[in-house]
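Trainee: First, the structure itself, so that you have it in front of you.
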Amino acid sequence: MSTAPQQHTGDDMLEADYLIETPLDPARVADVMAGEQSSGTFVRVANESDALRARSRATVLRIEQLDAAQQPSLPNAWLARQRTTGPWRRARVTLSFPLANIGANLPTLAATVAGNLYDLGEVTGMRLLSLRLPAAYRARFEMPRHGVKGTRALTAVRDRPLIGTIIKPNVGLSAAETAALVRELCEAGVDFIKDDEVCANPQHAPLAERVRAVMTEVRGYRERSGRPVMVAFNITDDLDAMRRHADLVEQQGGSCVMASINWCGFSAIQTLRRATPLVLHAHRNGYGMMSRDPALGMSFQAYQTLWRLTGVDHMHVHGLAGKFAQSDVEVIESARDCATPLASADDVVLPAFSSGQWAGTAQATFDAVRSTDLLFMSGGGILAHPDGPAAGVTSVRQAWAAVQAGTPLPVYAEHMPELRRALEFFGGRA
């Protein structure tokens, strides 16, 4: 009995856009991509029937020819062995993958859209640009437990950005010294404090000891002021340790934990999400190696789509006029990606701005995103303020007050000494 090929619809397919570079016909390469990542290999194999291919094979939806490159972006031994030369054609390719091949399996989803494609001999450039998922498929994965609304509720911050900082220096402070700094920052009015990504469980300040010391100060401040402060403890480790430390943070009255997601992996973050009710702050350190070459890796839209399926609540996007390599355009697009629903308004995540941020970058940030649904973190911009960390927190809060009032920062700073000092000190270094 013959079986009619399955007719795929939009609800049982996901779409992925790629930038490819090749000396070959882009249409041929797109077909190779579709076969390699679904039902095929470089030759037709036994039992690979027409019905199987119709059911399981990815489809090439679109090919848009782009300007050619003058030289190959990446070395390629396969092409060299065949003495294949340019021109190096570039194209934007859209593939459609059957979800039945993947299921609700995030590592396999990532392997499908961003796996062996990077190793194909036919290409000298391969970049995953974007992903689009059916709403029903997105619903099979973890949702943010808190996201924007929940984070605002836990910090009691409304109608303005959350003002945060990062414990600096990132190594060297003892648990007691960290707790003393946290107390000072709380008293100064900060909303959010996070560990640095390279300070998780060091010998000089073991995480369990640090959590207890810091939360003693946070609880004390909350009792005195009635104002909660969120601390993102860096629990990056093996999965058992992360769950154990998340439990401790919860027992101590904490509300947030942080993980370096690229090094923990999709499965670990998914499992952590299911194990804890705390806010998950996703630190993307290492993303640059996936994104900085325009002909390799993946763009942030695709990256954050995959990671949002783990149920994280916050995503780092870097900062405007910051210290890192990303352009302001990329930072702005990344923040907008975080605020764009994958399927519903409930699955957006809070964009976390950081890297070289200070009072003087508040206006540019608001002008770019036209929203205050963001976490604005200043490490050195607060802790290196010439009048101390408390003045640093005050200067950033004053800057955002000026922005929201529509008053230029220099004008607002005429009666705000902390902001004025920040503009003089950090502005001269910009």
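Naming scheme: A, B, ... for chains in displayed order of the structure tokens; residues 1 onward per chain; ligands 1 onward as shown.
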Residues at most 12 Å from A:Leu248, counting only C-alpha atoms, excluding those fewer than 2 positions away in the same chain, as a ChimeraX atom specification?

Mentor: /A:207-212,215,233,235,241-246,250-257,276,278

Trainee: Selection from above, C-alpha atoms, as a PDB file, in the first residue's frame, can you write it?

Mentor:
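Output file selection.pdb is given in full below:
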```
ATOM      1  CA  LEU A 207      28.978  31.157  46.941  1.00  0.00           C
ATOM      2  CA  ALA A 208      27.095  29.642  49.882  1.00  0.00           C
ATOM      3  CA  GLU A 209      28.872  32.008  52.273  1.00  0.00           C
ATOM      4  CA  ARG A 210      28.324  34.964  49.946  1.00  0.00           C
ATOM      5  CA  VAL A 211      24.616  34.265  49.518  1.00  0.00           C
ATOM      6  CA  ARG A 212      24.038  34.192  53.270  1.00  0.00           C
ATOM      7  CA  MET A 215      20.949  38.257  51.767  1.00  0.00           C
ATOM      8  CA  PHE A 233      23.802  35.455  42.235  1.00  0.00           C
ATOM      9  CA  ILE A 235      25.395  30.109  40.160  1.00  0.00           C
ATOM     10  CA  ALA A 241      25.478  22.562  41.971  1.00  0.00           C
ATOM     11  CA  MET A 242      23.266  25.122  40.216  1.00  0.00           C
ATOM     12  CA  ARG A 243      20.101  23.550  41.604  1.00  0.00           C
ATOM     13  CA  ARG A 244      21.634  23.335  45.060  1.00  0.00           C
ATOM     14  CA  HIS A 245      22.680  26.980  45.002  1.00  0.00           C
ATOM     15  CA  ALA A 246      19.338  28.135  43.590  1.00  0.00           C
ATOM     16  CA  GLU A 250      15.411  30.852  47.599  1.00  0.00           C
ATOM     17  CA  GLN A 251      15.742  29.735  51.230  1.00  0.00           C
ATOM     18  CA  GLN A 252      17.580  32.974  52.045  1.00  0.00           C
ATOM     19  CA  GLY A 253      14.800  35.083  50.557  1.00  0.00           C
ATOM     20  CA  GLY A 254      16.500  35.865  47.256  1.00  0.00           C
ATOM     21  CA  SER A 255      14.619  36.354  44.018  1.00  0.00           C
ATOM     22  CA  CYS A 256      17.147  35.857  41.199  1.00  0.00           C
ATOM     23  CA  VAL A 257      20.010  33.725  39.976  1.00  0.00           C
ATOM     24  CA  THR A 276      13.443  26.878  40.568  1.00  0.00           C
ATOM     25  CA  LEU A 278      13.474  32.307  40.840  1.00  0.00           C
TER      26      LEU A 278
END
```

Trainee: Please provide the set of residues having any atom within 9 Å of A:Ala399, restricted to only C-alpha atoms, with same-chain residues fewer than 2 positions apart removed, written as number ranges by chain.

Mentor: A: 358-363, 394-397, 401-404, 409, 412-413, 419

Trainee: To one decimal place, how far is atom CA of A:Phe97 from atom CA of A:Ser38 in Å?

Mentor: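 These two atoms are separated by 7.4 Å.
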
Trainee: Quick one: everything within 7 Å of stretch 55-63 of chain A, counting only C-alpha atoms, minus sequence neighbours fewer than 5 positions away in the same chain. Send it as a list of chain:residue names.

Mentor: A:Pro5, A:Gln6, A:Ala30, A:Asp31, A:Ala34, A:Gly35, A:Ser38, A:Ser39, A:Ala91, A:Arg92, A:Val93, A:Thr94, A:Leu95, A:Ser96, A:Phe97, A:Pro98, A:Asn101

Trainee: To one decimal place, how far is atom CA of A:Arg284 from atom CA of A:Gln270 in Å?

Mentor: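 One can read the atom CA of A:Arg284 to atom CA of A:Gln270 distance as 15.5 Å.
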
Trainee: At what distance in Å, to one decimal, does atom CA of A:Ser260 lie from atom CA of A:Thr305?

Mentor: 16.5 Å

Trainee: Given only C-alpha atoms as the basis, pick out the residue of A:Gly406, A:Gly147, A:Pro386, A:Pro87 nearest to A:Val312.

Mentor: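 Checking each of A:Gly406, A:Gly147, A:Pro386, A:Pro87 against A:Val312, counting only C-alpha atoms, the winner is A:Gly147.
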
Trainee: May I have all residues of stretch 13-99 of chain A that DSSP, computed from the backbone, assigns to alpha helix (DSSP H), given as a list in words?

Mentor: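 DSSP-assigned alpha helix (DSSP H) residues in stretch 13-99 of chain A: Pro26, Ala27, Arg28, Val29, Ala30, Asp31, Val32, Met33, Ala34, Gly35, Glu36, Asp50, Ala51, Leu52, Arg53, Ala54, Arg55, Ser56, Ala77, Trp78, Leu79, Ala80 and Arg81 of chain A.
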
Trainee: Compare A:Glu15, A:Glu36, A:Glu197, A:Asp346 by their minimum atom-to-atom distance to A:Tyr118, counting only C-alpha atoms, and give me the closest one.

Mentor: A:Glu36

Trainee: Pick from A:Ala335, A:Leu106, A:Val123, A:Leu162: nearest to A:Thr271, with only C-alpha atoms counted?

Mentor: A:Leu106

Trainee: Residues within 9 Å of stretch 134-138 of chain A, please, as a ChimeraX atom specification. Count only C-alpha atoms; anything in the same chain fewer than 6 positions from it doesn't count.

Mentor: /A:10-14,99,103-104,309,342-344

Trainee: Do you know which residues are at most 10 Å from A:Glu217 counting only C-alpha atoms, after dropping those on the same chain fewer than 2 positions away, and could you put them as a PyMOL selection string?

Mentor: chain A and resi 179-184+186+212-215+219-223

Trainee: Could you save the residues just selected, with C-alpha atoms, as a compact mmCIF listing (two decimals), in the first residue's frame?

Mentor:
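Contents of again.txt, freshly written:
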```txt
# COMPACT_ATOMS: atom_id res chain seq x y z
CA ALA A 179 27.88 42.15 51.67
CA ALA A 180 29.12 45.53 52.91
CA LEU A 181 29.16 46.86 49.35
CA VAL A 182 25.68 45.47 48.73
CA ARG A 183 24.43 47.28 51.83
CA GLU A 184 25.89 50.56 50.55
CA CYS A 186 20.93 49.21 48.62
CA ARG A 212 24.04 34.19 53.27
CA ALA A 213 26.06 37.34 53.92
CA VAL A 214 24.53 39.33 51.07
CA MET A 215 20.95 38.26 51.77
CA ARG A 219 16.64 41.43 54.07
CA GLY A 220 17.72 44.00 56.62
CA TYR A 221 17.40 46.80 54.10
CA ARG A 222 13.97 45.58 53.04
CA GLU A 223 12.81 45.58 56.66
```

Trainee: Residues near A:Asn76, anyone? I mean within 7 Å using only C-alpha atoms, not counting same-chain ones fewer than 2 positions away, as a list in words.

Mentor: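 Skipping anything fewer than 2 positions along the chain leaves Leu74, Trp78, Leu79, Ala80, Gly121 and Thr124 of chain A.
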
Trainee: From the list A:Pro228, A:Pro389, A:Pro294, A:Pro408, which residue is nearest A:Arg152 when using only C-alpha atoms?

Mentor: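 Comparing A:Pro228, A:Pro389, A:Pro294, A:Pro408 against A:Arg152, the winner is A:Pro228.
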
Trainee: Point out the residue among A:Ile163, A:Ala405, A:Ile269, A:Leu154 with the least atom-to-atom distance to A:Arg227, counting only C-alpha atoms.

Mentor: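 When distances to A:Arg227 are compared using only C-alpha atoms, the smallest one comes from A:Leu154.
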
Trainee: Kindly indicate which residue among A:Asp293, A:Asp313, A:Glu330, A:Asp17 lies nearest to A:Ser73, using only C-alpha atoms for the distances.

Mentor: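 Checking each candidate against A:Ser73, we get A:Asp293 as the closest.
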
Trainee: Need the shell around stretch 315-329 of chain A: protein/DNA/RNA residues with any atom at most 10 Å away, counting only C-alpha atoms. Skip same-chain ones fewer than 4 positions apart. Format as a VMD selection string?

Mentor: chain A and resid 147 261 280 to 285 288 291 to 292 300 304 307 to 308 333 to 338 349 to 358 360 to 362 364 to 365 368 375 to 378 430

Trainee: Give me a file of those residues, with C-alpha atoms, as a PDB file, in the first residue's frame.

Mentor:
```
ATOM      1  CA  GLY A 147       9.839  38.326  32.472  1.00  0.00           C
ATOM      2  CA  ILE A 261      24.163  30.255  29.452  1.00  0.00           C
ATOM      3  CA  LEU A 280      16.692  33.528  35.652  1.00  0.00           C
ATOM      4  CA  HIS A 281      19.139  36.176  34.486  1.00  0.00           C
ATOM      5  CA  ALA A 282      20.796  34.937  31.268  1.00  0.00           C
ATOM      6  CA  HIS A 283      24.356  36.168  30.758  1.00  0.00           C
ATOM      7  CA  ARG A 284      25.489  35.741  27.163  1.00  0.00           C
ATOM      8  CA  ASN A 285      29.286  35.945  27.639  1.00  0.00           C
ATOM      9  CA  GLY A 288      30.833  37.381  20.443  1.00  0.00           C
ATOM     10  CA  SER A 291      28.440  36.716  16.041  1.00  0.00           C
ATOM     11  CA  ARG A 292      31.347  39.032  15.299  1.00  0.00           C
ATOM     12  CA  PHE A 300      21.080  37.758  17.916  1.00  0.00           C
ATOM     13  CA  GLN A 304      17.828  34.758  21.640  1.00  0.00           C
ATOM     14  CA  TRP A 307      17.595  30.660  24.500  1.00  0.00           C
ATOM     15  CA  ARG A 308      14.152  32.054  25.240  1.00  0.00           C
ATOM     16  CA  GLU A 333      18.061  45.492  17.406  1.00  0.00           C
ATOM     17  CA  SER A 334      18.933  43.033  20.170  1.00  0.00           C
ATOM     18  CA  ALA A 335      16.845  44.926  22.716  1.00  0.00           C
ATOM     19  CA  ARG A 336      13.923  45.026  20.309  1.00  0.00           C
ATOM     20  CA  ASP A 337      14.283  41.283  19.687  1.00  0.00           C
ATOM     21  CA  CYS A 338      13.937  40.633  23.427  1.00  0.00           C
ATOM     22  CA  VAL A 349      12.096  38.921  28.253  1.00  0.00           C
ATOM     23  CA  LEU A 350      13.665  41.932  29.940  1.00  0.00           C
ATOM     24  CA  PRO A 351      16.604  43.339  27.926  1.00  0.00           C
ATOM     25  CA  ALA A 352      19.616  43.921  30.167  1.00  0.00           C
ATOM     26  CA  PHE A 353      21.866  46.773  29.028  1.00  0.00           C
ATOM     27  CA  SER A 354      25.446  46.695  30.308  1.00  0.00           C
ATOM     28  CA  SER A 355      29.079  47.249  29.301  1.00  0.00           C
ATOM     29  CA  GLY A 356      30.397  50.767  29.679  1.00  0.00           C
ATOM     30  CA  GLN A 357      27.030  52.209  30.728  1.00  0.00           C
ATOM     31  CA  TRP A 358      26.745  55.273  32.942  1.00  0.00           C
ATOM     32  CA  GLY A 360      25.503  59.800  30.173  1.00  0.00           C
ATOM     33  CA  THR A 361      24.208  56.875  28.080  1.00  0.00           C
ATOM     34  CA  ALA A 362      20.674  56.961  29.500  1.00  0.00           C
ATOM     35  CA  ALA A 364      20.703  57.515  23.967  1.00  0.00           C
ATOM     36  CA  THR A 365      19.255  54.302  25.348  1.00  0.00           C
ATOM     37  CA  ALA A 368      16.841  54.139  20.737  1.00  0.00           C
ATOM     38  CA  LEU A 375      17.408  46.829  33.025  1.00  0.00           C
ATOM     39  CA  PHE A 376      20.104  49.513  32.875  1.00  0.00           C
ATOM     40  CA  MET A 377      23.270  48.231  34.528  1.00  0.00           C
ATOM     41  CA  SER A 378      26.341  50.309  35.304  1.00  0.00           C
ATOM     42  CA  ALA A 430      34.003  59.027  26.395  1.00  0.00           C
TER      43      ALA A 430
END
```
